[in-house]
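Trainee: To be precise about what I am sending: the file is called query-v1.txt and holds compact mmCIF, C-alpha atoms.
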# COMPACT_ATOMS: atom_id res chain seq x y z
CA MET A 1 -24.51 -40.26 -18.03
CA LEU A 2 -24.58 -36.51 -18.75
CA SER A 3 -22.62 -33.80 -17.00
CA VAL A 4 -24.58 -30.73 -15.93
CA ASP A 5 -23.14 -28.78 -18.88
CA GLU A 6 -24.04 -31.56 -21.32
CA LEU A 7 -27.58 -31.53 -19.96
CA PHE A 8 -27.97 -27.98 -21.24
CA ALA A 9 -25.65 -28.35 -24.27
CA THR A 10 -23.92 -25.10 -23.36
CA ASP A 11 -20.76 -26.03 -25.27
CA SER A 12 -22.80 -25.67 -28.46
CA LEU A 13 -23.15 -21.98 -27.62
CA LEU A 14 -19.38 -21.46 -27.56
CA SER A 15 -16.96 -20.95 -30.40
CA ALA A 16 -14.03 -23.30 -30.92
CA ASP A 17 -11.65 -20.60 -29.63
CA GLU A 18 -13.73 -20.06 -26.51
CA ARG A 19 -13.76 -23.77 -25.74
CA GLU A 20 -10.03 -24.05 -26.33
CA ILE A 21 -9.19 -21.18 -23.97
CA ARG A 22 -11.61 -22.48 -21.35
CA ASP A 23 -10.06 -25.93 -21.53
CA THR A 24 -6.55 -24.46 -21.28
CA VAL A 25 -7.48 -22.66 -18.07
CA ARG A 26 -9.22 -25.79 -16.78
CA ASP A 27 -6.07 -27.87 -17.41
CA PHE A 28 -3.87 -25.26 -15.72
CA ALA A 29 -6.19 -25.20 -12.73
CA ALA A 30 -6.19 -28.99 -12.49
CA GLN A 31 -2.40 -29.20 -12.57
CA LYS A 32 -1.25 -26.10 -10.67
CA LEU A 33 -4.09 -25.19 -8.31
CA ARG A 34 -6.46 -28.02 -7.46
CA PRO A 35 -3.84 -30.35 -5.88
CA HIS A 36 -2.93 -27.65 -3.33
CA ILE A 37 -6.12 -25.68 -2.74
CA ALA A 38 -7.39 -27.59 0.30
CA ASP A 39 -4.03 -27.17 2.04
CA TRP A 40 -3.90 -23.45 1.19
CA PHE A 41 -7.43 -23.01 2.49
CA GLU A 42 -6.67 -24.87 5.71
CA ALA A 43 -3.47 -22.88 6.25
CA GLY A 44 -5.19 -19.59 5.42
CA THR A 45 -2.67 -18.66 2.75
CA PHE A 46 -2.23 -18.25 -1.00
CA PRO A 47 1.15 -18.03 -2.80
CA ALA A 48 0.22 -14.93 -4.78
CA ARG A 49 3.83 -14.01 -5.59
CA GLU A 50 4.51 -17.43 -7.08
CA MET A 51 1.20 -17.81 -8.90
CA ALA A 52 0.87 -14.32 -10.42
CA PRO A 53 3.58 -14.87 -13.08
CA GLU A 54 2.03 -18.26 -13.93
CA LEU A 55 -1.36 -16.60 -14.40
CA GLY A 56 0.33 -13.87 -16.42
CA LYS A 57 1.91 -16.39 -18.78
CA LEU A 58 -1.56 -17.71 -19.57
CA GLY A 59 -2.71 -14.19 -20.36
CA LEU A 60 -5.30 -14.21 -17.57
CA LEU A 61 -4.35 -10.91 -15.93
CA GLY A 62 -6.30 -8.09 -17.56
CA MET A 63 -7.19 -10.54 -20.32
CA HIS A 64 -10.22 -8.53 -21.42
CA LEU A 65 -8.18 -5.33 -21.89
CA ASP A 66 -6.54 -4.24 -25.14
CA GLY A 67 -2.89 -3.27 -25.58
CA TYR A 68 -0.09 -2.82 -23.06
CA GLY A 69 0.66 -6.55 -22.99
CA CYS A 70 -2.95 -7.52 -22.27
CA ALA A 71 -4.54 -10.39 -24.17
CA GLY A 72 -7.53 -8.45 -25.53
CA MET A 73 -9.90 -11.40 -25.21
CA SER A 74 -13.68 -11.18 -25.41
CA ALA A 75 -15.81 -10.62 -22.32
CA THR A 76 -17.33 -14.08 -22.69
CA THR A 77 -13.90 -15.70 -22.82
CA TYR A 78 -12.89 -13.77 -19.70
CA GLY A 79 -16.04 -15.01 -17.98
CA LEU A 80 -15.29 -18.62 -18.91
CA ALA A 81 -11.76 -18.24 -17.50
CA CYS A 82 -13.21 -16.86 -14.25
CA GLN A 83 -15.51 -19.87 -14.10
CA GLU A 84 -12.65 -22.34 -14.34
CA LEU A 85 -10.63 -20.52 -11.68
CA GLU A 86 -13.54 -20.31 -9.26
CA ALA A 87 -14.36 -23.96 -9.86
CA VAL A 88 -11.12 -24.49 -7.94
CA ASP A 89 -11.64 -21.71 -5.38
CA SER A 90 -13.21 -18.26 -5.17
CA GLY A 91 -9.99 -16.92 -3.71
CA VAL A 92 -8.06 -17.67 -6.90
CA ARG A 93 -10.66 -15.96 -9.05
CA SER A 94 -10.70 -13.02 -6.63
CA MET A 95 -6.95 -12.53 -7.03
CA VAL A 96 -7.25 -12.46 -10.83
CA SER A 97 -10.37 -10.29 -10.70
CA VAL A 98 -8.81 -7.67 -8.43
CA GLN A 99 -5.68 -7.56 -10.55
CA GLY A 100 -7.41 -7.29 -13.92
CA SER A 101 -10.96 -6.04 -13.49
CA LEU A 102 -10.24 -3.58 -10.70
CA ALA A 103 -6.63 -2.36 -10.51
CA MET A 104 -5.67 -2.74 -14.17
CA THR A 105 -9.06 -1.61 -15.46
CA ALA A 106 -8.83 1.56 -13.35
CA ILE A 107 -5.51 2.45 -14.96
CA HIS A 108 -6.63 1.36 -18.44
CA LYS A 109 -9.90 3.30 -18.29
CA PHE A 110 -8.96 6.38 -16.28
CA GLY A 111 -5.17 6.64 -16.43
CA SER A 112 -2.86 8.72 -18.59
CA GLU A 113 -0.85 7.17 -21.40
CA GLU A 114 2.27 7.44 -19.25
CA GLN A 115 0.57 5.61 -16.37
CA LYS A 116 -0.64 2.86 -18.68
CA GLN A 117 2.83 2.35 -20.14
CA GLN A 118 4.44 2.37 -16.70
CA TRP A 119 2.17 -0.11 -14.94
CA LEU A 120 0.03 -2.26 -17.21
CA PRO A 121 2.67 -4.41 -18.98
CA GLY A 122 4.19 -5.56 -15.69
CA MET A 123 0.77 -6.18 -14.19
CA ALA A 124 -0.27 -8.24 -17.22
CA GLU A 125 2.84 -10.38 -16.77
CA GLY A 126 2.23 -10.81 -13.04
CA ARG A 127 5.53 -9.14 -12.16
CA ILE A 128 3.59 -6.32 -10.51
CA ILE A 129 0.66 -7.13 -8.23
CA GLY A 130 -2.07 -4.59 -7.74
CA CYS A 131 -4.89 -4.02 -5.28
CA PHE A 132 -7.95 -1.76 -5.23
CA GLY A 133 -8.72 0.36 -2.18
CA LEU A 134 -12.35 1.46 -2.07
CA THR A 135 -14.12 -0.20 0.90
CA GLU A 136 -13.55 1.30 4.33
CA PRO A 137 -14.29 -0.01 7.85
CA ASP A 138 -17.50 2.07 8.03
CA PHE A 139 -18.34 2.38 4.35
CA GLY A 140 -19.00 -0.71 2.24
CA SER A 141 -22.33 -0.53 0.46
CA ASN A 142 -22.14 3.28 0.62
CA PRO A 143 -18.65 4.00 -0.74
CA GLY A 144 -19.58 7.63 -1.41
CA GLY A 145 -19.31 8.26 2.33
CA MET A 146 -15.61 7.33 2.42
CA ARG A 147 -13.42 9.25 4.86
CA THR A 148 -10.08 8.69 3.13
CA ARG A 149 -9.01 12.07 1.85
CA ALA A 150 -6.32 13.50 -0.43
CA VAL A 151 -5.42 17.19 -0.17
CA ARG A 152 -3.13 19.35 -2.24
CA ASP A 153 0.17 20.45 -0.72
CA GLY A 154 1.98 22.47 -3.32
CA ALA A 155 2.37 20.27 -6.37
CA ASP A 156 1.92 17.10 -4.31
CA TRP A 157 -1.03 15.22 -2.85
CA VAL A 158 -1.13 14.07 0.78
CA LEU A 159 -3.27 11.00 1.45
CA ASN A 160 -4.77 10.04 4.82
CA GLY A 161 -7.31 7.39 5.76
CA SER A 162 -7.84 3.65 5.74
CA LYS A 163 -9.32 0.84 3.66
CA MET A 164 -10.51 -2.63 4.66
CA TRP A 165 -11.13 -6.07 3.09
CA ILE A 166 -8.56 -5.40 0.39
CA THR A 167 -7.66 -8.49 -1.65
CA ASN A 168 -3.93 -8.66 -2.50
CA GLY A 169 -3.37 -5.68 -0.18
CA SER A 170 -0.37 -6.96 1.77
CA VAL A 171 1.40 -8.48 -1.26
CA ALA A 172 0.67 -5.68 -3.73
CA ASP A 173 3.32 -3.52 -5.37
CA VAL A 174 0.80 -0.84 -6.26
CA ALA A 175 -2.58 0.19 -4.87
CA ILE A 176 -5.36 2.03 -6.64
CA VAL A 177 -6.77 4.14 -3.81
CA TRP A 178 -9.99 6.14 -4.00
CA ALA A 179 -10.21 9.27 -1.87
CA GLN A 180 -12.28 12.35 -1.33
CA THR A 181 -10.75 15.54 -2.70
CA GLU A 182 -11.97 19.10 -3.14
CA ASP A 183 -12.76 18.02 -6.70
CA LYS A 184 -14.96 14.94 -6.04
CA ILE A 185 -13.71 11.38 -5.46
CA ARG A 186 -10.47 10.71 -7.33
CA GLY A 187 -8.35 7.62 -7.93
CA PHE A 188 -4.65 7.56 -7.06
CA ILE A 189 -1.85 5.20 -8.05
CA VAL A 190 0.04 4.50 -4.83
CA PRO A 191 3.23 2.41 -4.91
CA THR A 192 3.11 0.38 -1.71
CA GLU A 193 6.71 1.24 -0.85
CA THR A 194 5.68 4.89 -0.37
CA PRO A 195 6.37 6.12 3.20
CA GLY A 196 3.21 6.17 5.28
CA PHE A 197 1.56 3.27 3.41
CA ILE A 198 0.82 0.43 5.84
CA ALA A 199 -0.72 -2.94 4.94
CA ARG A 200 -1.70 -5.52 7.56
CA GLU A 201 -2.85 -8.96 6.50
CA MET A 202 -6.20 -9.99 8.00
CA HIS A 203 -6.43 -13.38 9.68
CA ARG A 204 -9.09 -15.42 11.51
CA LYS A 205 -11.23 -15.58 8.35
CA LEU A 206 -13.74 -18.37 7.85
CA SER A 207 -14.16 -17.53 4.15
CA LEU A 208 -11.76 -16.85 1.26
CA ARG A 209 -8.99 -18.39 3.32
CA ALA A 210 -6.96 -19.17 0.18
CA SER A 211 -6.74 -15.46 -0.54
CA VAL A 212 -4.70 -12.56 0.80
CA THR A 213 -6.89 -9.96 2.51
CA ALA A 214 -5.55 -6.81 4.16
CA GLU A 215 -6.30 -3.56 5.92
CA LEU A 216 -4.59 -0.49 4.47
CA ASP A 217 -3.67 2.68 6.38
CA PHE A 218 -2.41 5.92 4.85
CA ASP A 219 -0.54 8.20 7.22
CA ASP A 220 0.44 11.40 5.41
CA VAL A 221 1.30 9.47 2.26
CA ARG A 222 2.87 12.03 -0.04
CA LEU A 223 2.23 11.48 -3.74
CA PRO A 224 3.40 13.42 -6.80
CA ALA A 225 0.91 15.36 -8.91
CA ASP A 226 0.90 12.66 -11.57
CA ALA A 227 -0.26 9.97 -9.11
CA VAL A 228 -3.89 10.90 -9.72
CA LEU A 229 -5.82 9.07 -12.44
CA PRO A 230 -6.66 12.07 -14.66
CA GLU A 231 -9.97 10.77 -16.01
CA SER A 232 -11.35 9.73 -12.61
CA ARG A 233 -13.83 12.19 -11.15
CA GLY A 234 -16.71 11.14 -8.97
CA LEU A 235 -18.00 7.84 -7.69
CA ALA A 236 -18.88 6.66 -11.20
CA ALA A 237 -15.20 5.86 -11.82
CA PRO A 238 -14.71 3.18 -9.12
CA LEU A 239 -18.23 1.87 -9.71
CA ALA A 240 -17.37 1.30 -13.38
CA CYS A 241 -14.45 -0.87 -12.25
CA LEU A 242 -16.71 -2.76 -9.85
CA SER A 243 -19.10 -3.49 -12.71
CA GLU A 244 -16.22 -5.17 -14.57
CA ALA A 245 -15.43 -7.31 -11.53
CA ARG A 246 -19.09 -8.21 -11.01
CA PHE A 247 -19.25 -9.49 -14.56
CA GLY A 248 -16.53 -12.03 -13.77
CA ILE A 249 -18.45 -13.12 -10.67
CA ILE A 250 -21.51 -13.91 -12.80
CA PHE A 251 -19.52 -16.72 -14.40
CA GLY A 252 -17.20 -17.43 -11.48
CA ALA A 253 -19.81 -18.27 -8.85
CA LEU A 254 -21.33 -20.79 -11.25
CA GLY A 255 -17.93 -22.47 -11.48
CA ALA A 256 -18.05 -23.09 -7.74
CA ALA A 257 -21.59 -24.45 -8.10
CA ARG A 258 -20.53 -26.76 -10.93
CA ASP A 259 -17.64 -28.13 -8.88
CA CYS A 260 -19.99 -28.84 -5.97
CA LEU A 261 -22.42 -30.65 -8.24
CA ALA A 262 -19.73 -32.74 -9.92
CA ALA A 263 -18.23 -33.82 -6.59
CA THR A 264 -21.64 -34.58 -5.13
CA ILE A 265 -22.88 -36.61 -8.10
CA ASP A 266 -19.70 -38.67 -8.05
CA TYR A 267 -20.07 -39.23 -4.30
CA ALA A 268 -23.77 -40.15 -4.54
CA ARG A 269 -23.07 -42.73 -7.25
CA THR A 270 -20.48 -44.56 -5.16
CA ARG A 271 -21.73 -44.12 -1.59
CA GLU A 272 -23.95 -47.01 -0.49
CA VAL A 273 -26.78 -46.47 1.99
CA PHE A 274 -29.05 -49.37 2.96
CA ASP A 275 -27.44 -51.58 0.32
CA LYS A 276 -27.84 -49.30 -2.69
CA PRO A 277 -26.13 -46.17 -4.01
CA LEU A 278 -27.24 -42.87 -2.52
CA ALA A 279 -27.87 -41.69 -6.09
CA ALA A 280 -30.62 -44.31 -6.50
CA TYR A 281 -32.90 -42.63 -3.95
CA GLN A 282 -35.68 -40.37 -5.14
CA LEU A 283 -34.88 -37.59 -2.67
CA THR A 284 -31.27 -37.50 -3.83
CA GLN A 285 -32.26 -37.37 -7.48
CA ALA A 286 -34.82 -34.64 -6.81
CA LYS A 287 -32.16 -32.51 -5.09
CA LEU A 288 -29.67 -33.07 -7.92
CA ALA A 289 -32.26 -32.31 -10.59
CA ASP A 290 -33.30 -29.03 -8.94
CA MET A 291 -29.70 -27.93 -8.45
CA ALA A 292 -28.72 -28.81 -12.01
CA LEU A 293 -31.68 -26.82 -13.29
CA GLU A 294 -30.69 -23.68 -11.38
CA TYR A 295 -27.08 -24.08 -12.47
CA GLY A 296 -28.09 -24.50 -16.11
CA LYS A 297 -30.39 -21.47 -16.07
CA GLY A 298 -27.61 -19.42 -14.49
CA GLN A 299 -25.14 -20.57 -17.12
CA LEU A 300 -27.48 -19.61 -19.94
CA LEU A 301 -28.01 -16.18 -18.39
CA ALA A 302 -24.26 -15.71 -17.96
CA LEU A 303 -23.57 -16.55 -21.60
CA HIS A 304 -26.36 -14.21 -22.74
CA LEU A 305 -24.90 -11.36 -20.68
CA GLY A 306 -21.45 -12.16 -22.06
CA ARG A 307 -22.72 -11.81 -25.61
CA LEU A 308 -24.39 -8.51 -24.72
CA LYS A 309 -21.12 -7.24 -23.25
CA ASP A 310 -19.18 -8.32 -26.32
CA ARG A 311 -21.62 -6.22 -28.40
CA HIS A 312 -21.16 -3.29 -25.98
CA GLU A 313 -24.86 -3.50 -25.09
CA LEU A 314 -24.67 -4.69 -21.49
CA LEU A 315 -26.32 -2.44 -18.88
CA SER A 316 -25.11 -2.17 -15.29
CA ASP A 317 -28.59 -3.21 -14.13
CA GLN A 318 -28.18 -6.43 -16.12
CA VAL A 319 -24.82 -7.05 -14.45
CA SER A 320 -26.60 -6.73 -11.09
CA ALA A 321 -29.20 -9.27 -12.21
CA GLY A 322 -26.48 -11.73 -13.19
CA LYS A 323 -24.41 -11.24 -10.05
CA LEU A 324 -27.45 -11.60 -7.80
CA ASN A 325 -28.65 -14.74 -9.54
CA SER A 326 -25.31 -16.52 -9.81
CA THR A 327 -24.20 -15.91 -6.24
CA ARG A 328 -27.58 -16.61 -4.68
CA GLU A 329 -28.09 -19.88 -6.56
CA ALA A 330 -24.47 -21.01 -6.20
CA ILE A 331 -24.51 -20.76 -2.42
CA LYS A 332 -27.84 -22.62 -2.30
CA ILE A 333 -26.33 -25.38 -4.44
CA ALA A 334 -23.23 -25.63 -2.25
CA ARG A 335 -25.32 -25.91 0.90
CA GLU A 336 -27.67 -28.51 -0.59
CA CYS A 337 -24.74 -30.56 -1.90
CA ARG A 338 -23.40 -30.67 1.66
CA THR A 339 -26.60 -32.36 2.81
CA ILE A 340 -26.07 -35.17 0.30
CA LEU A 341 -22.49 -35.72 1.42
CA GLY A 342 -23.56 -35.83 5.07
CA ALA A 343 -20.72 -35.64 7.57
CA ASN A 344 -18.14 -36.11 4.81
CA GLY A 345 -19.33 -32.78 3.42
CA ILE A 346 -17.80 -30.80 6.28
CA THR A 347 -14.26 -31.97 5.52
CA LEU A 348 -11.70 -30.58 3.12
CA ASP A 349 -11.63 -33.96 1.41
CA TYR A 350 -14.57 -32.61 -0.58
CA PRO A 351 -14.94 -29.06 -1.94
CA VAL A 352 -18.54 -28.26 -1.07
CA LEU A 353 -18.32 -26.58 2.33
CA ARG A 354 -15.15 -24.76 1.28
CA HIS A 355 -17.08 -23.37 -1.69
CA ALA A 356 -20.07 -22.55 0.52
CA ASN A 357 -17.86 -20.63 2.95
CA ASN A 358 -16.24 -18.73 0.08
CA LEU A 359 -19.59 -17.93 -1.49
CA GLU A 360 -20.65 -16.21 1.74
CA SER A 361 -18.07 -13.57 0.81
CA VAL A 362 -18.85 -13.58 -2.91
CA LEU A 363 -22.53 -13.02 -2.06
CA THR A 364 -21.46 -9.91 -0.12
CA TYR A 365 -18.59 -8.24 -1.96
CA GLU A 366 -18.95 -6.19 -5.14
CA GLY A 367 -22.43 -5.31 -3.85
CA THR A 368 -24.46 -7.37 -1.40
CA ALA A 369 -27.44 -9.40 -2.58
CA GLU A 370 -29.69 -6.79 -0.97
CA VAL A 371 -28.00 -3.93 -2.81
CA HIS A 372 -28.46 -5.69 -6.14
CA GLN A 373 -32.10 -6.34 -5.31
CA LEU A 374 -32.53 -2.59 -4.83
CA VAL A 375 -30.67 -1.87 -8.06
CA LEU A 376 -33.13 -4.08 -9.90
CA GLY A 377 -36.05 -2.59 -8.00
CA LYS A 378 -35.02 0.90 -9.05
CA ALA A 379 -34.63 -0.22 -12.67
CA LEU A 380 -38.13 -1.69 -12.63
CA THR A 381 -39.92 1.11 -10.75
CA ASP A 382 -37.74 4.21 -11.26
CA ALA A 383 -37.98 4.73 -7.49
CA ASN A 384 -34.78 4.96 -5.43
CA ALA A 385 -35.06 2.88 -2.24
CA PHE A 386 -31.44 3.35 -1.12
CA ARG A 387 -32.30 6.37 1.02
Before anything else, please render the file you have as structure tokens.
Mentor:
Amino acid sequence: MLSVDELFATDSLLSADEREIRDTVRDFAAQKLRPHIADWFEAGTFPAREMAPELGKLGLLGMHLDGYGCAGMSATTYGLACQELEAVDSGVRSMVSVQGSLAMTAIHKFGSEEQKQQWLPGMAEGRIIGCFGLTEPDFGSNPGGMRTRAVRDGADWVLNGSKMWITNGSVADVAIVWAQTEDKIRGFIVPTETPGFIAREMHRKLSLRASVTAELDFDDVRLPADAVLPESRGLAAPLACLSEARFGIIFGALGAARDCLAATIDYARTREVFDKPLAAYQLTQAKLADMALEYGKGQLLALHLGRLKDRHELLSDQVSAGKLNSTREAIKIARECRTILGANGITLDYPVLRHANNLESVLTYEGTAEVHQLVLGKALTDANAFR
């Protein structure tokens, strides 16, 4: 019997080092995360403070960045790590993604040397947790309309506004906050202990329950002149960070799909219906074959995009194509797997509906499916349909 990865021989496309790192993350996830994830999801919690140093020891925080204690791994290796984390739960991958691809990347790409030295080593170790404040209550797909504003007051900056749906927000030590200024949108490094910074954890979520999500408020938060990221000017800066995070999702969402398929195939082989295994029915096999095909095609696309990124040839439009495909197909796979598991599929004894619920968020954040469709439409027609 073949696994879905063996069906497409994707391991043959990986180097020995890539397989070794992937397997190390898979083993860590199996030992440290998977035994607890259903309970964390049910309780609506995630022990970010305890897990961040563990993830840091593995080199997973900012692992695609060079220097400052970061592992400096390839983009493809980072993608494979994201896949193994999201095979456990999207919330775990989200925590790592926000830390490394958003908060740390913002400092690494747009910060001063002093800022990099001050923050990145501790963030790579997991001693310092970061978050990324871009989305606002009224501005998600259109971040350029943000109302959060930073104004000069002598040598200082004074920050006012709010952000919403911020992963790690209420456990973070430092926030990267994007705000309107008289000189375009700028990024600011905001220690969360600064007076006027307020973080409230969001509850009553039906998705990403094993993840810390918060609202942030800034009430006359006074920041020194050197809090601004000097190379950040305009919306292109936060969007560049989002592109890094989207790349991880291309691989990550497929990890959730793979976990659904593995659990469902195992269930179908052992569950008897009318005196024979569920897997022996034509309808079941047709569903599994179609899902495996979409997973395999997505995996091949993800690896191709990873190789392009490692050659510094990856376009943002191509990232949109990968994110749209992986998330859209992964959530279809999770939902279809639930039909094979029947009533058992709605319980936390199996991962499929948990993954499906999480993928509702993954389909939406870092650009909705509709936004990425329009990105691709503009690339193909040179006509902007956003306005």
Trainee: For the point (-15.1, 9.8, -4.1) in the file's frame, write as a PyMOL selection string all residues with an atom no more than 6 Å away, counting all atoms listed in the file.
Mentor: chain A and resi 144+179-180+184-186+234-235
Trainee: Using all atoms listed in the file, which residue out of A:Leu2, A:Val228, A:Met63, A:Val88 lies closest to A:Arg26?
Mentor: A:Val88
Trainee: Wanna dump the stretch 63-145 of chain A-stretch 320-336 of chain A contacts at 12 Å for me, each residue with its shortest atom pair and the distance in Å to one decimal, counting only C-alpha atoms, ordered by chain and number, as a Markdown table?
Mentor:
| residue | atom | partner | partner_atom | distance |
| --- | --- | --- | --- | --- |
| A:Gly79 | CA | A:Gly322 | CA | 11.9 |
| A:Gln83 | CA | A:Ser326 | CA | 11.2 |
| A:Glu86 | CA | A:Ala330 | CA | 11.4 |
| A:Ala87 | CA | A:Ala330 | CA | 11.1 |
| A:Ser90 | CA | A:Thr327 | CA | 11.3 |
Trainee: Kindly give the distance, in Å, that separates atom CA of A:Asp11 and atom CA of A:Leu315, rounded to a single decimal.
Mentor: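 These atoms are spaced 25.1 Å apart.
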Trainee: Taking into account all atoms listed in the file, which residue in the set A:Glu113, A:Asp153, A:Glu182, A:Asp138 is nearest to A:Leu229?
Mentor: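 Ranked by minimum distance to A:Leu229, first place goes to A:Glu113.
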Trainee: Find the spatial neighbours of stretch 132-134 of chain A, counting only C-alpha atoms, within a cut-off of 10 Å - ignore same-chain residues fewer than 3 positions away - and output them as a tab-separated table (two decimals) with C-alpha atoms, in the frame of the given file.
Mentor:
chain	number	residue	atom	x	y	z
A	98	VAL	CA	-8.81	-7.67	-8.43
A	99	GLN	CA	-5.68	-7.56	-10.55
A	101	SER	CA	-10.96	-6.04	-13.49
A	102	LEU	CA	-10.24	-3.58	-10.70
A	103	ALA	CA	-6.63	-2.36	-10.51
A	104	MET	CA	-5.67	-2.74	-14.17
A	106	ALA	CA	-8.83	1.56	-13.35
A	139	PHE	CA	-18.34	2.38	4.35
A	140	GLY	CA	-19.00	-0.71	2.24
A	143	PRO	CA	-18.65	4.00	-0.74
A	144	GLY	CA	-19.58	7.63	-1.41
A	146	MET	CA	-15.61	7.33	2.42
A	148	THR	CA	-10.08	8.69	3.13
A	162	SER	CA	-7.84	3.65	5.74
A	163	LYS	CA	-9.32	0.84	3.66
A	164	MET	CA	-10.51	-2.63	4.66
A	165	TRP	CA	-11.13	-6.07	3.09
A	166	ILE	CA	-8.56	-5.40	0.39
A	167	THR	CA	-7.66	-8.49	-1.65
A	168	ASN	CA	-3.93	-8.66	-2.50
A	169	GLY	CA	-3.37	-5.68	-0.18
A	172	ALA	CA	0.67	-5.68	-3.73
A	174	VAL	CA	0.80	-0.84	-6.26
A	175	ALA	CA	-2.58	0.19	-4.87
A	176	ILE	CA	-5.36	2.03	-6.64
A	177	VAL	CA	-6.77	4.14	-3.81
A	178	TRP	CA	-9.99	6.14	-4.00
A	179	ALA	CA	-10.21	9.27	-1.87
A	187	GLY	CA	-8.35	7.62	-7.93
A	188	PHE	CA	-4.65	7.56	-7.06
A	189	ILE	CA	-1.85	5.20	-8.05
A	215	GLU	CA	-6.30	-3.56	5.92
A	216	LEU	CA	-4.59	-0.49	4.47
A	238	PRO	CA	-14.71	3.18	-9.12
A	239	LEU	CA	-18.23	1.87	-9.71
A	241	CYS	CA	-14.45	-0.87	-12.25
A	242	LEU	CA	-16.71	-2.76	-9.85
Trainee: Let me make sure I understand: among A:Gly248, A:Asn142, A:Asp259, A:His355, which one has the smallest atom-to-atom distance to A:Leu303 if we use only C-alpha atoms?
Mentor: A:Gly248
